[in-house]
$ cat query.cif   # mmCIF, C-alpha atoms and all ligand atoms
data_final
loop_
_atom_site.group_PDB
_atom_site.id
_atom_site.type_symbol
_atom_site.label_atom_id
_atom_site.label_comp_id
_atom_site.auth_asym_id
_atom_site.auth_seq_id
_atom_site.Cartn_x
_atom_site.Cartn_y
_atom_site.Cartn_z
ATOM 1 C CA MET A 137 -33.919 5.522 -4.207
ATOM 2 C CA ASN A 138 -35.313 8.945 -3.415
ATOM 3 C CA LEU A 139 -35.758 11.636 -6.017
ATOM 4 C CA GLY A 140 -32.862 13.829 -4.808
ATOM 5 C CA ILE A 141 -30.415 10.950 -5.146
ATOM 6 C CA SER A 142 -31.817 9.988 -8.557
ATOM 7 C CA ILE A 143 -31.243 13.530 -9.757
ATOM 8 C CA LEU A 144 -27.711 13.645 -8.358
ATOM 9 C CA ASN A 145 -26.889 10.311 -9.969
ATOM 10 C CA PHE A 146 -28.183 11.659 -13.245
ATOM 11 C CA PHE A 147 -25.862 14.638 -13.164
ATOM 12 C CA PHE A 148 -22.898 13.003 -11.436
ATOM 13 C CA PRO A 149 -23.238 9.324 -12.241
ATOM 14 C CA ILE A 150 -20.733 7.300 -10.307
ATOM 15 C CA HIS A 151 -20.513 3.560 -10.408
ATOM 16 C CA CYS A 152 -19.454 1.223 -7.655
ATOM 17 C CA GLY A 153 -15.857 0.107 -8.290
ATOM 18 C CA ILE A 154 -16.767 -3.511 -7.494
ATOM 19 C CA CYS A 155 -20.265 -4.278 -8.784
ATOM 20 C CA GLY A 156 -20.713 -1.354 -11.163
ATOM 21 C CA ARG A 157 -24.034 -0.270 -9.643
ATOM 22 C CA GLU A 158 -24.769 3.448 -9.673
ATOM 23 C CA ASP A 159 -25.037 4.676 -6.114
ATOM 24 C CA ILE A 160 -24.518 8.126 -4.664
ATOM 25 C CA PHE A 161 -22.581 6.526 -1.819
ATOM 26 C CA SER A 162 -19.821 5.724 -4.370
ATOM 27 C CA LEU A 163 -19.142 9.409 -4.813
ATOM 28 C CA ARG A 164 -17.528 9.466 -1.405
ATOM 29 C CA THR A 165 -16.205 5.933 -0.958
ATOM 30 C CA GLY A 166 -15.787 4.525 -4.495
ATOM 31 C CA LEU A 167 -18.130 1.638 -3.637
ATOM 32 C CA CYS A 168 -21.894 1.277 -3.360
ATOM 33 C CA GLY A 169 -23.373 0.982 0.124
ATOM 34 C CA SER A 170 -23.683 -2.800 0.100
ATOM 35 C CA CYS A 171 -20.186 -3.483 -1.280
ATOM 36 C CA TYR A 172 -18.801 -1.012 1.235
ATOM 37 C CA ARG A 173 -20.447 -2.894 4.105
ATOM 38 C CA ALA A 174 -19.124 -6.192 2.701
ATOM 39 C CA SER A 175 -15.582 -4.748 2.692
ATOM 40 C CA LYS A 176 -15.534 -4.393 6.478
ATOM 41 C CA ASN A 177 -13.473 -6.755 8.581
ATOM 42 C CA PRO A 178 -14.084 -7.937 12.121
ATOM 43 C CA LYS A 179 -12.230 -5.825 14.698
ATOM 44 C CA ARG A 180 -8.902 -7.269 15.819
ATOM 45 C CA PRO A 181 -7.889 -5.676 19.103
ATOM 46 C CA PHE A 182 -4.347 -7.068 19.404
ATOM 47 C CA ARG A 183 -1.761 -6.030 16.841
ATOM 48 C CA CYS A 184 1.981 -6.457 16.448
ATOM 49 C CA SER A 185 3.602 -3.164 17.351
ATOM 50 C CA VAL A 186 6.024 -3.446 14.420
ATOM 51 C CA CYS A 187 4.208 -4.976 11.454
ATOM 52 C CA ASP A 188 0.610 -4.336 12.579
ATOM 53 C CA SER A 189 -0.489 -7.939 11.991
ATOM 54 C CA PRO A 190 -3.358 -9.216 14.164
ATOM 55 C CA LEU A 191 -2.298 -11.195 17.247
ATOM 56 C CA LEU A 192 -4.235 -13.726 19.302
ATOM 57 C CA ASP A 193 -3.314 -12.188 22.635
ATOM 58 C CA GLN A 194 -1.785 -9.088 24.095
ATOM 59 C CA SER A 195 1.880 -9.890 23.320
ATOM 60 C CA SER A 196 3.222 -6.800 21.660
ATOM 61 C CA ILE A 197 5.277 -8.325 18.861
ATOM 62 C CA CYS A 198 4.534 -11.145 16.413
ATOM 63 C CA GLU A 199 6.773 -14.166 15.794
ATOM 64 C CA PHE A 200 7.662 -12.822 12.372
ATOM 65 C CA CYS A 201 9.103 -9.594 13.757
ATOM 66 C CA ASP A 202 10.647 -11.363 16.737
ATOM 67 C CA SER A 203 12.417 -14.203 14.950
ATOM 68 C CA ARG A 204 13.856 -12.739 11.789
ATOM 69 C CA ASN A 205 16.008 -9.898 10.820
ATOM 70 C CA VAL A 206 13.400 -7.240 10.367
ATOM 71 C CA PHE A 207 14.766 -4.038 8.906
ATOM 72 C CA PHE A 208 11.676 -1.873 8.737
ATOM 73 C CA THR A 209 10.734 0.203 11.753
ATOM 74 C CA LYS A 210 6.947 0.077 11.594
ATOM 75 C CA VAL A 211 4.186 -0.846 9.168
ATOM 76 C CA TRP A 212 0.825 0.835 8.682
ATOM 77 C CA SER A 213 -1.788 -0.772 6.460
ATOM 78 C CA LEU A 214 -5.111 0.908 5.869
ATOM 79 C CA ARG A 215 -7.047 -2.386 5.920
ATOM 80 C CA ASP A 216 -6.718 -6.123 6.447
ATOM 81 C CA ARG A 217 -7.042 -7.897 3.131
ATOM 82 C CA ASN A 218 -10.204 -9.957 2.584
ATOM 83 C CA ASP A 219 -11.659 -11.392 -0.637
ATOM 84 C CA LEU A 220 -13.521 -8.255 -1.588
ATOM 85 C CA LEU A 221 -10.531 -5.999 -0.895
ATOM 86 C CA GLY A 222 -8.133 -8.324 -2.735
ATOM 87 C CA ASN A 223 -10.521 -8.257 -5.660
ATOM 88 C CA ALA A 224 -10.663 -4.447 -5.530
ATOM 89 C CA LEU A 225 -6.849 -4.233 -5.580
ATOM 90 C CA ASN A 226 -6.578 -6.661 -8.507
ATOM 91 C CA LYS A 227 -9.139 -4.649 -10.437
ATOM 92 C CA LEU A 228 -7.199 -1.488 -9.706
ATOM 93 C CA LYS A 229 -4.005 -3.164 -10.935
ATOM 94 C CA SER A 230 -5.561 -4.403 -14.141
ATOM 95 C CA GLY A 231 -6.816 -0.977 -15.135
ATOM 96 C CA ASN A 232 -6.590 2.494 -13.746
ATOM 97 C CA GLU A 233 -9.954 2.494 -11.996
ATOM 98 C CA TYR A 234 -10.443 5.811 -10.338
ATOM 99 C CA THR A 235 -13.276 4.847 -8.000
ATOM 100 C CA LEU A 236 -11.286 1.917 -6.615
ATOM 101 C CA SER A 237 -8.334 4.140 -5.871
ATOM 102 C CA ILE A 238 -10.719 6.402 -3.914
ATOM 103 C CA PHE A 239 -11.948 3.419 -1.965
ATOM 104 C CA LEU A 240 -8.567 1.806 -1.256
ATOM 105 C CA SER A 241 -7.043 5.037 -0.022
ATOM 106 C CA LEU A 242 -9.864 5.832 2.421
ATOM 107 C CA GLY A 243 -8.248 6.457 5.777
ATOM 108 C CA ALA A 244 -4.885 7.400 4.250
ATOM 109 C CA ARG A 245 -5.222 11.027 5.271
ATOM 110 C CA ARG A 246 -5.751 10.192 8.909
ATOM 111 C CA VAL A 247 -2.685 7.916 8.985
ATOM 112 C CA LEU A 248 -0.527 10.407 7.070
ATOM 113 C CA GLN A 249 -1.535 13.220 9.432
ATOM 114 C CA LYS A 250 -0.319 11.077 12.341
ATOM 115 C CA MET A 251 2.962 10.434 10.515
ATOM 116 C CA LYS A 252 3.794 14.133 10.481
ATOM 117 C CA VAL A 253 5.329 13.770 13.959
ATOM 118 C CA LEU A 254 7.910 11.363 12.517
ATOM 119 C CA ASP A 255 9.452 14.281 10.651
ATOM 120 C CA LEU A 256 10.250 12.122 7.630
ATOM 121 C CA ASP A 257 13.060 13.066 5.265
ATOM 122 C CA ALA A 258 11.822 11.334 2.121
ATOM 123 C CA CYS A 259 9.167 9.068 0.602
ATOM 124 C CA ILE A 260 9.673 6.239 -1.848
ATOM 125 C CA LEU A 261 7.108 4.581 -4.066
ATOM 126 C CA LEU A 262 8.410 1.019 -4.103
ATOM 127 C CA PRO A 263 9.441 0.426 -7.693
ATOM 128 C CA SER A 264 7.922 -2.568 -9.399
ATOM 129 C CA TYR A 265 8.724 -4.178 -12.659
ATOM 130 C CA SER A 266 6.162 -4.444 -15.459
ATOM 131 C CA GLY A 267 4.151 -6.691 -13.098
ATOM 132 C CA SER A 268 2.226 -3.894 -11.450
ATOM 133 C CA MET A 269 3.251 -1.084 -13.773
ATOM 134 C CA ILE A 270 0.443 -0.945 -16.251
ATOM 135 C CA PHE A 271 0.852 1.030 -19.414
ATOM 136 C CA THR A 272 -2.441 2.724 -20.075
ATOM 137 C CA SER A 273 -3.548 3.865 -23.515
ATOM 138 C CA GLY A 274 -1.339 6.961 -23.282
ATOM 139 C CA SER A 275 1.499 4.555 -22.377
ATOM 140 C CA ARG A 276 1.882 6.394 -19.099
ATOM 141 C CA PRO A 277 3.139 3.937 -16.492
ATOM 142 C CA PHE A 278 0.483 3.498 -13.831
ATOM 143 C CA SER A 279 1.215 2.330 -10.321
ATOM 144 C CA PRO A 280 -1.654 1.098 -8.137
ATOM 145 C CA SER A 281 -0.176 3.085 -5.233
ATOM 146 C CA GLU A 282 -0.407 6.353 -7.146
ATOM 147 C CA ARG A 283 -3.209 7.783 -5.067
ATOM 148 C CA LEU A 284 -1.346 6.930 -1.880
ATOM 149 C CA GLU A 285 1.574 8.862 -3.330
ATOM 150 C CA LYS A 286 -0.629 11.878 -4.097
ATOM 151 C CA GLU A 287 -2.008 11.962 -0.561
ATOM 152 C CA ALA A 288 1.480 11.609 0.917
ATOM 153 C CA ARG A 289 2.807 14.466 -1.210
ATOM 154 C CA ARG A 290 -0.071 16.691 -0.201
ATOM 155 C CA ILE A 291 -0.067 15.954 3.515
ATOM 156 C CA LEU A 292 3.569 15.265 4.398
ATOM 157 C CA LYS A 293 5.132 17.688 1.894
ATOM 158 C CA THR A 294 8.160 15.401 1.919
ATOM 159 C CA PRO A 295 10.273 14.917 -1.211
ATOM 160 C CA PHE A 296 9.852 11.713 -3.200
ATOM 161 C CA ILE A 297 13.111 10.043 -4.122
ATOM 162 C CA GLN A 298 13.924 6.856 -6.004
ATOM 163 C CA PRO A 299 17.147 5.345 -4.674
ATOM 164 C CA LEU A 300 16.111 1.769 -5.569
ATOM 165 C CA ARG A 301 16.171 0.132 -8.931
ATOM 166 C CA LYS A 302 14.291 -3.059 -9.688
ATOM 167 C CA ILE A 303 16.608 -5.620 -11.197
ATOM 168 C CA SER A 304 14.434 -8.699 -11.495
ATOM 169 C CA PRO A 305 11.468 -8.952 -13.826
ATOM 170 C CA GLU A 306 10.015 -11.811 -11.784
ATOM 171 C CA ARG A 307 6.910 -11.183 -9.763
ATOM 172 C CA GLN A 308 6.136 -12.141 -6.186
ATOM 173 C CA ALA A 309 2.625 -13.378 -6.908
ATOM 174 C CA GLY A 310 2.273 -17.147 -7.169
ATOM 175 C CA LYS A 311 5.461 -17.820 -5.257
ATOM 176 C CA SER A 312 5.648 -19.732 -2.015
ATOM 177 C CA PHE A 313 6.669 -18.065 1.237
ATOM 178 C CA SER A 314 10.269 -19.359 1.070
ATOM 179 C CA GLU A 315 10.568 -18.598 -2.634
ATOM 180 C CA ARG A 316 9.526 -15.049 -1.876
ATOM 181 C CA PHE A 317 12.317 -14.616 0.612
ATOM 182 C CA PHE A 318 14.848 -16.099 -1.735
ATOM 183 C CA HIS A 319 13.585 -14.025 -4.611
ATOM 184 C CA ALA A 320 13.260 -10.753 -2.704
ATOM 185 C CA HIS A 321 16.979 -10.871 -2.093
ATOM 186 C CA HIS A 322 17.675 -10.180 -5.723
ATOM 187 C CA SER A 323 14.897 -7.772 -6.522
ATOM 188 C CA TRP A 324 16.454 -4.341 -6.100
ATOM 189 C CA GLU A 325 19.745 -2.580 -6.018
ATOM 190 C CA ILE A 326 20.763 0.855 -4.883
ATOM 191 C CA GLN A 327 21.017 3.484 -7.606
ATOM 192 C CA PRO A 328 24.679 4.515 -7.932
ATOM 193 C CA GLU A 329 23.979 8.160 -7.017
ATOM 194 C CA TRP A 330 22.395 7.077 -3.687
ATOM 195 C CA LYS A 331 25.164 4.717 -2.527
ATOM 196 C CA GLY A 332 25.689 5.495 1.158
ATOM 197 C CA LEU A 333 23.645 8.677 0.829
ATOM 198 C CA CYS A 334 20.080 7.671 1.744
ATOM 199 C CA PRO A 335 18.273 10.081 4.090
ATOM 200 C CA ALA A 336 17.728 9.041 7.715
ATOM 201 C CA LYS A 337 13.927 8.680 7.915
ATOM 202 C CA ILE A 338 12.139 7.180 4.957
ATOM 203 C CA LEU A 339 8.528 6.231 4.252
ATOM 204 C CA LEU A 340 8.014 3.413 1.726
ATOM 205 C CA LEU A 341 4.695 3.177 -0.094
ATOM 206 C CA ASP A 342 3.430 -0.060 -1.607
ATOM 207 C CA ASP A 343 0.038 -1.535 -2.476
ATOM 208 C CA VAL A 344 -0.020 -4.598 -0.235
ATOM 209 C CA PHE A 345 1.985 -6.042 2.644
ATOM 210 C CA THR A 346 1.895 -9.810 2.162
ATOM 211 C CA THR A 347 4.859 -11.637 3.680
ATOM 212 C CA GLY A 348 6.783 -8.431 4.189
ATOM 213 C CA ALA A 349 9.666 -9.923 2.214
ATOM 214 C CA SER A 350 9.770 -7.179 -0.404
ATOM 215 C CA VAL A 351 9.609 -4.218 1.924
ATOM 216 C CA ASN A 352 12.011 -5.900 4.321
ATOM 217 C CA GLU A 353 14.578 -6.346 1.588
ATOM 218 C CA ALA A 354 14.060 -2.786 0.377
ATOM 219 C CA SER A 355 14.495 -1.582 3.976
ATOM 220 C CA ARG A 356 17.689 -3.611 4.334
ATOM 221 C CA ILE A 357 19.209 -1.996 1.246
ATOM 222 C CA LEU A 358 18.171 1.495 2.357
ATOM 223 C CA LYS A 359 19.660 0.943 5.820
ATOM 224 C CA ASN A 360 22.894 -0.366 4.323
ATOM 225 C CA ASN A 361 23.055 2.915 2.494
ATOM 226 C CA GLY A 362 22.515 5.370 5.312
ATOM 227 C CA ALA A 363 18.826 5.185 6.294
ATOM 228 C CA LYS A 364 18.171 4.932 10.041
ATOM 229 C CA SER A 365 14.406 4.218 10.053
ATOM 230 C CA VAL A 366 12.163 2.874 7.315
ATOM 231 C CA TYR A 367 8.394 3.145 7.752
ATOM 232 C CA ILE A 368 5.912 1.368 5.501
ATOM 233 C CA LEU A 369 2.424 2.351 4.388
ATOM 234 C CA THR A 370 0.242 0.065 2.246
ATOM 235 C CA TYR A 371 -3.427 -0.097 1.266
ATOM 236 C CA LEU A 372 -3.813 -3.674 2.432
ATOM 237 C CA ARG A 373 -2.099 -6.269 4.538
ATOM 238 C CA THR A 374 -2.618 -9.997 4.553
ATOM 239 C CA ALA A 375 -3.950 -10.827 7.982
ATOM 240 C CA ASP A 376 -4.019 -14.639 8.142
HETATM 241 ZN ZN ZN A 401 -21.262 -2.395 -5.358
HETATM 242 ZN ZN ZN A 402 5.071 -8.185 13.474
#
$ encode --input "query.cif" --output "structure tokens"
Amino acid sequence: MNLGISILNFFFPIHCGICGREDIFSLRTGLCGSCYRASKNPKRPFRCSVCDSPLLDQSSICEFCDSRNVFFTKVWSLRDRNDLLGNALNKLKSGNEYTLSIFLSLGARRVLQKMKVLDLDACILLPSYSGSMIFTSGSRPFSPSERLEKEARRILKTPFIQPLRKISPERQAGKSFSERFFHAHHSWEIQPEWKGLCPAKILLLDDVFTTGASVNEASRILKNNGAKSVYILTYLRTAD
């Protein structure tokens, strides 16, 4: 490490969100140089035009979006999930780790800038039950998607609303694919004051797009209550 960097690290020590090593690179990305390189995924040129999942060939829509009732309009995920990224998200969920939220939201600005043309009416932070709402020492509820919310507020300048209410304390994690679909059906309900009154174009923020069951169900409820298009933005998506 050269002297300049040693001095900077002395005055502004920042530790890699994954391995804990001090590295000036973490100041910008939240991870040290080597963890950052390990977080990269191979390029996947073909993507579903709706859910953004990688495809084997140039067909424009995946089986998932083609075969089922899909209620969301389009999904953006900042990265494909891999072991290191999944680990980073779990660490972020288990404690409010600032450097990891920097890292996971890298690229959010670029995507949000592009979304300006959609002329969105409202944003929603997908409500979770205690599962991913962590009460920190000040007993302030912490959502892993908080930084995504901050960036969206700053760039889109769109109001945040909360028309959904979580009604099931069960979590999605550890459930099979079919269980998730069954379960998602009973996860939320519309808040009485939003019945039939949801704005037309909504952006939903969540931490990870796994089967899409949760956001699809949320989108279904919003559309039943007046929404015309529901867009999704998450840090990660499961790509296999
Ligand atoms: Zn590291
Ligand atoms: Zn798809």
$ closest_residue --input "query.cif" --among "A:Ser189, A:Ser237, A:Asn223, A:Ser365" --to "ligand ZN 402 (chain A)" --atoms "all atoms listed in the file"
A:Ser189
$ resolve_selection --input "query.cif" --expression "the PyMOL selection byres (((not hetatm)) within 6 of (chain A and resi 402))" --output "list in words"
Cys184, Val186, Cys187, Asp188, Ser189, Ile197, Cys198, Phe200 and Cys201 of chain A
$ residues_near_ligand --input "query.cif" --ligand "ligand ZN 401 (chain A)" --cutoff "10 Å" --atoms "only C-alpha atoms and all ligand atoms" --output "ChimeraX atom specification"
/A:151-159,161-162,166-174
$ residues_around --input "query.cif" --residues "Gly362 in chain A" --least-positions-apart "4" --cutoff "6 Å" --atoms "all atoms listed in the file" --output "list in words"
Gly332, Leu333 and Cys334 of chain A
$ atom_distance --input "query.cif" --atom1 "CA of Asp342 in chain A" --atom2 "CA of Phe207 in chain A"
16.0 Å
$ closest_residue --input "query.cif" --among "A:Val206, A:Leu191, A:Leu240, A:Leu284" --to "Thr347 in chain A" --atoms "only C-alpha atoms"
A:Val206
$ decode --input "query.cif" --residues "range 211-222 of chain A" --atoms "N, CA and C atoms" --output "mmCIF file, in the first residue's frame"
data_model
loop_
_atom_site.group_PDB
_atom_site.id
_atom_site.type_symbol
_atom_site.label_atom_id
_atom_site.label_comp_id
_atom_site.auth_asym_id
_atom_site.auth_seq_id
_atom_site.Cartn_x
_atom_site.Cartn_y
_atom_site.Cartn_z
ATOM 1 N N VAL A 211 -39.092 -5.629 -14.502
ATOM 2 C CA VAL A 211 -38.224 -5.734 -13.322
ATOM 3 C C VAL A 211 -36.819 -5.248 -13.669
ATOM 4 N N TRP A 212 -36.246 -4.444 -12.783
ATOM 5 C CA TRP A 212 -34.823 -4.126 -12.867
ATOM 6 C C TRP A 212 -34.160 -4.635 -11.602
ATOM 7 N N SER A 213 -33.055 -5.365 -11.761
ATOM 8 C CA SER A 213 -32.255 -5.744 -10.601
ATOM 9 C C SER A 213 -30.859 -5.228 -10.860
ATOM 10 N N LEU A 214 -30.212 -4.725 -9.831
ATOM 11 C CA LEU A 214 -28.892 -4.134 -10.041
ATOM 12 C C LEU A 214 -27.849 -5.197 -10.358
ATOM 13 N N ARG A 215 -28.020 -6.403 -9.785
ATOM 14 C CA ARG A 215 -27.039 -7.475 -10.009
ATOM 15 C C ARG A 215 -27.710 -8.842 -9.946
ATOM 16 N N ASP A 216 -27.057 -9.819 -10.621
ATOM 17 C CA ASP A 216 -27.460 -11.215 -10.449
ATOM 18 C C ASP A 216 -26.862 -11.703 -9.140
ATOM 19 N N ARG A 217 -27.664 -12.415 -8.371
ATOM 20 C CA ARG A 217 -27.187 -12.918 -7.091
ATOM 21 C C ARG A 217 -26.123 -13.991 -7.308
ATOM 22 N N ASN A 218 -25.027 -13.926 -6.568
ATOM 23 C CA ASN A 218 -24.079 -15.042 -6.486
ATOM 24 C C ASN A 218 -23.775 -15.223 -5.003
ATOM 25 N N ASP A 219 -22.896 -16.157 -4.658
ATOM 26 C CA ASP A 219 -22.666 -16.436 -3.228
ATOM 27 C C ASP A 219 -22.209 -15.201 -2.463
ATOM 28 N N LEU A 220 -21.262 -14.486 -3.056
ATOM 29 C CA LEU A 220 -20.728 -13.324 -2.347
ATOM 30 C C LEU A 220 -21.811 -12.255 -2.162
ATOM 31 N N LEU A 221 -22.620 -12.040 -3.191
ATOM 32 C CA LEU A 221 -23.660 -11.012 -3.100
ATOM 33 C C LEU A 221 -24.774 -11.425 -2.133
ATOM 34 N N GLY A 222 -25.111 -12.728 -2.149
ATOM 35 C CA GLY A 222 -26.119 -13.232 -1.213
ATOM 36 C C GLY A 222 -25.643 -13.053 0.220
#
